[in-house]
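**Q** Just coords.pdb, nothing more (PDB, C-alpha atoms):
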```pdb
ATOM      1  CA  MET A  11      61.727 103.208  93.471
ATOM      2  CA  LYS A  12      63.714 104.742  90.577
ATOM      3  CA  ASN A  13      61.055 107.310  89.764
ATOM      4  CA  HIS A  14      59.678 107.554  93.285
ATOM      5  CA  PRO A  15      58.141 110.989  93.928
ATOM      6  CA  THR A  16      60.544 111.627  96.809
ATOM      7  CA  LEU A  17      63.647 111.179  94.651
ATOM      8  CA  GLN A  18      62.064 113.186  91.847
ATOM      9  CA  TYR A  19      61.285 115.956  94.319
ATOM     10  CA  ILE A  20      64.927 116.074  95.408
ATOM     11  CA  ARG A  21      66.072 116.021  91.757
ATOM     12  CA  ASP A  22      63.752 118.963  91.048
ATOM     13  CA  GLU A  23      65.163 120.850  94.041
ATOM     14  CA  HIS A  24      68.683 120.138  92.802
ATOM     15  CA  ALA A  25      67.751 121.489  89.364
ATOM     16  CA  ALA A  26      66.353 124.693  90.880
ATOM     17  CA  LEU A  27      69.409 125.129  93.061
ATOM     18  CA  SER A  28      71.743 124.443  90.126
ATOM     19  CA  ALA A  29      69.978 127.194  88.186
ATOM     20  CA  VAL A  30      70.485 129.657  91.038
ATOM     21  CA  LEU A  31      74.136 128.656  91.430
ATOM     22  CA  SER A  32      74.755 129.026  87.694
ATOM     23  CA  SER A  33      73.048 132.411  87.707
ATOM     24  CA  LEU A  34      75.084 133.499  90.724
ATOM     25  CA  LEU A  35      78.288 132.505  88.982
ATOM     26  CA  ALA A  36      77.230 134.329  85.801
ATOM     27  CA  MET A  37      76.365 137.462  87.778
ATOM     28  CA  VAL A  38      79.709 137.421  89.558
ATOM     29  CA  GLU A  39      81.643 136.870  86.324
ATOM     30  CA  ARG A  40      79.697 139.695  84.656
ATOM     31  CA  GLY A  41      80.087 142.103  87.559
ATOM     32  CA  PRO A  42      78.132 145.272  88.307
ATOM     33  CA  LYS A  43      78.579 146.824  84.823
ATOM     34  CA  GLY A  44      77.685 150.311  85.963
ATOM     35  CA  ASP A  45      74.648 149.386  88.082
ATOM     36  CA  ALA A  46      76.186 148.429  91.415
ATOM     37  CA  ASP A  47      72.976 148.861  93.430
ATOM     38  CA  ARG A  48      71.064 146.418  91.243
ATOM     39  CA  PHE A  49      73.984 143.996  91.080
ATOM     40  CA  PHE A  50      74.462 143.810  94.841
ATOM     41  CA  HIS A  51      70.708 143.565  95.412
ATOM     42  CA  VAL A  52      70.382 140.599  93.024
ATOM     43  CA  VAL A  53      73.445 138.775  94.369
ATOM     44  CA  ARG A  54      72.230 139.320  97.948
ATOM     45  CA  ALA A  55      68.840 137.870  96.957
ATOM     46  CA  MET A  56      70.524 134.799  95.470
ATOM     47  CA  LEU A  57      72.552 134.231  98.633
ATOM     48  CA  TYR A  58      69.406 134.707 100.711
ATOM     49  CA  TYR A  59      67.643 132.032  98.635
ATOM     50  CA  ILE A  60      70.565 129.648  99.137
ATOM     51  CA  ASP A  61      70.497 130.323 102.866
ATOM     52  CA  GLU A  62      66.738 129.957 103.238
ATOM     53  CA  PHE A  63      65.904 127.102 100.906
ATOM     54  CA  PRO A  64      68.669 124.504 100.758
ATOM     55  CA  GLU A  65      70.244 125.236 104.111
ATOM     56  CA  LYS A  66      67.037 125.391 106.136
ATOM     57  CA  ARG A  67      64.710 123.088 104.202
ATOM     58  CA  HIS A  68      66.365 120.895 101.587
ATOM     59  CA  HIS A  69      69.370 119.663 103.587
ATOM     60  CA  PRO A  70      67.351 118.917 106.743
ATOM     61  CA  ASN A  71      64.952 116.806 104.660
ATOM     62  CA  GLU A  72      67.836 114.805 103.222
ATOM     63  CA  SER A  73      69.579 114.495 106.587
ATOM     64  CA  GLN A  74      66.483 113.546 108.564
ATOM     65  CA  LEU A  75      64.548 111.482 106.044
ATOM     66  CA  LEU A  76      66.603 110.072 103.179
ATOM     67  CA  PHE A  77      70.098 109.556 104.574
ATOM     68  CA  PRO A  78      69.083 107.568 107.678
ATOM     69  CA  LEU A  79      67.045 105.112 105.597
ATOM     70  CA  VAL A  80      69.821 104.661 103.058
ATOM     71  CA  ALA A  81      72.401 104.218 105.843
ATOM     72  CA  GLN A  82      70.201 101.625 107.524
ATOM     73  CA  ARG A  83      69.552  99.594 104.385
ATOM     74  CA  ALA A  84      72.882 100.181 102.588
ATOM     75  CA  PRO A  85      75.588 100.364 105.285
ATOM     76  CA  ALA A  86      78.299 100.633 102.629
ATOM     77  CA  MET A  87      77.021 104.161 101.981
ATOM     78  CA  ALA A  88      77.947 105.305 105.509
ATOM     79  CA  PRO A  89      81.227 107.024 104.508
ATOM     80  CA  VAL A  90      79.504 108.891 101.665
ATOM     81  CA  ILE A  91      76.648 109.937 103.946
ATOM     82  CA  GLU A  92      79.100 111.088 106.631
ATOM     83  CA  LYS A  93      80.896 113.243 104.046
ATOM     84  CA  LEU A  94      77.603 114.713 102.820
ATOM     85  CA  GLU A  95      76.501 115.420 106.383
ATOM     86  CA  ARG A  96      79.765 117.256 107.100
ATOM     87  CA  GLU A  97      79.122 119.337 103.998
ATOM     88  CA  HIS A  98      75.550 120.032 105.125
ATOM     89  CA  ALA A  99      76.826 121.123 108.530
ATOM     90  CA  ARG A 100      79.293 123.523 106.899
ATOM     91  CA  GLY A 101      76.794 124.947 104.411
ATOM     92  CA  GLU A 102      75.156 127.603 106.519
ATOM     93  CA  GLN A 103      78.521 129.003 107.631
ATOM     94  CA  ALA A 104      79.745 128.995 104.030
ATOM     95  CA  VAL A 105      76.758 131.108 102.944
ATOM     96  CA  ARG A 106      77.380 133.515 105.824
ATOM     97  CA  GLU A 107      80.982 133.875 104.686
ATOM     98  CA  LEU A 108      79.813 134.681 101.150
ATOM     99  CA  GLN A 109      77.343 137.244 102.486
ATOM    100  CA  HIS A 110      80.111 138.851 104.536
ATOM    101  CA  LEU A 111      82.502 138.924 101.587
ATOM    102  CA  LEU A 112      79.803 140.454  99.403
ATOM    103  CA  MET A 113      79.159 143.184 101.954
ATOM    104  CA  SER A 114      82.901 143.799 102.182
ATOM    105  CA  TRP A 115      83.057 144.300  98.437
ATOM    106  CA  GLU A 116      79.963 146.492  98.408
ATOM    107  CA  PHE A 117      81.040 148.741 101.287
ATOM    108  CA  MET A 118      84.835 148.588 101.161
ATOM    109  CA  GLY A 119      85.266 148.739  97.402
ATOM    110  CA  GLU A 120      86.935 147.066  94.495
ATOM    111  CA  SER A 121      89.852 145.720  96.544
ATOM    112  CA  ARG A 122      87.387 143.246  98.069
ATOM    113  CA  ARG A 123      86.003 141.990  94.758
ATOM    114  CA  ALA A 124      88.519 139.196  94.063
ATOM    115  CA  PRO A 125      88.113 137.444  97.441
ATOM    116  CA  PHE A 126      84.330 137.360  96.959
ATOM    117  CA  CYS A 127      84.551 136.152  93.352
ATOM    118  CA  ASP A 128      87.048 133.433  94.272
ATOM    119  CA  ALA A 129      84.883 132.302  97.191
ATOM    120  CA  VAL A 130      81.766 132.127  94.996
ATOM    121  CA  LYS A 131      83.553 130.048  92.365
ATOM    122  CA  ASN A 132      84.826 127.674  95.041
ATOM    123  CA  TYR A 133      81.411 127.479  96.731
ATOM    124  CA  VAL A 134      79.571 126.738  93.470
ATOM    125  CA  ARG A 135      82.104 124.066  92.475
ATOM    126  CA  HIS A 136      81.801 122.343  95.861
ATOM    127  CA  TYR A 137      78.018 122.593  95.892
ATOM    128  CA  LEU A 138      77.669 121.091  92.409
ATOM    129  CA  ASP A 139      80.057 118.289  93.436
ATOM    130  CA  HIS A 140      77.936 117.735  96.549
ATOM    131  CA  MET A 141      74.732 117.351  94.531
ATOM    132  CA  HIS A 142      76.519 115.094  92.039
ATOM    133  CA  THR A 143      77.629 112.828  94.898
ATOM    134  CA  GLU A 144      74.067 112.605  96.184
ATOM    135  CA  GLU A 145      72.705 111.812  92.738
ATOM    136  CA  SER A 146      75.421 109.344  91.754
ATOM    137  CA  HIS A 147      75.752 107.479  95.075
ATOM    138  CA  ILE A 148      72.802 108.040  97.396
ATOM    139  CA  PHE A 149      70.029 107.956  94.805
ATOM    140  CA  PRO A 150      71.161 104.637  93.274
ATOM    141  CA  ALA A 151      71.471 103.158  96.777
ATOM    142  CA  ALA A 152      67.953 104.358  97.554
ATOM    143  CA  VAL A 153      66.676 102.794  94.334
ATOM    144  CA  ASP A 154      68.429  99.502  95.100
ATOM    145  CA  HIS A 155      67.661  99.220  98.813
ATOM    146  CA  LEU A 156      64.469 101.126  99.633
ATOM    147  CA  THR A 157      60.929 100.174  98.821
ATOM    148  CA  ALA A 158      58.295 102.454  97.358
ATOM    149  CA  ASP A 159      56.863 102.830 100.858
TER     150      ASP A 159
END
```
As structure tokens, please, write out the structure in this file.
**A**
Amino acid sequence: MKNHPTLQYIRDEHAALSAVLSSLLAMVERGPKGDADRFFHVVRAMLYYIDEFPEKRHHPNESQLLFPLVAQRAPAMAPVIEKLEREHARGEQAVRELQHLLMSWEFMGESRRAPFCDAVKNYVRHYLDHMHTEESHIFPAAVDHLTAD
């Protein structure tokens, strides 16, 4: 089960999402640098990706397919799964908040920059922690307790 295609697929999705999150953080730390239109367009596109892919596809797959099987076969994982599910449930709202803060910065000006930057840093940190929890707790439980089928 260790290299099962399903777990590898999720690992690959995590890698893609990590790349987007790292790029988002780099963009925010760099700032507009004289090309605000391009900057805001790119950051908006990154937030759109996060909203469309992990929130509407990746998390539902984990919540509907992987987590129930792990919970059934490894009941000790229930508290970890409950925590991850709470984070999944909060994810879409968190992205909406980032989108709103970005628009506030774009339309209201520089005074709104710091709240957006702080929120992005917090969001990325929590999201990376979330994926680390899945990979360090749920994946090993899946390997130990699920069959290849």
**Q** Please enumerate the residues selected by the PyMOL selection byres ((chain A and resi 37) around 12) when evaluated against the supplied file, formatted as a ChimeraX atom specification.
**A** /A:30-36,38-43,46,48-57,127,130-131
**Q** List the neighbours of Phe63 in chain A out to 12 Å using only C-alpha atoms; skip same-chain residues closer than 2 positions along the sequence, and give me the result as a list in words.
**A**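 My list of contacting residues is Glu23, His24, Ala26, Leu27, Val30, Ala55, Met56, Leu57, Tyr58, Tyr59, Ile60, Asp61, Glu65, Lys66, Arg67, His68, His69, Pro70, Asn71, Gly101, Glu102 and Val105 of chain A.
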**Q** As a check of understanding, name the residues that the PyMOL selection byres ((chain A and resi 74-78) around 12) selects in the supplied structure, as number ranges by chain.
**A** A: 16-17, 19-20, 67-73, 79-85, 87-95, 98, 144, 147-149, 151-153, 155-156
**Q** Please enumerate the residues selected by the PyMOL selection byres ((chain A and resi 158) around 8) when evaluated against the supplied file, formatted as JSON, numbers by chain.
**A** {"A": [11, 14, 156, 157, 159]}
**Q** Mind pulling up the distance from CA of Asp139 in chain A to CA of Ala99 in chain A?
**A**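 CA of Asp139 in chain A lies 15.7 Å from CA of Ala99 in chain A.
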**Q** Could you tell me how far CA of Asp47 in chain A lies from CA of Leu108 in chain A, in Å and to one decimal?
**A** 17.5 Å
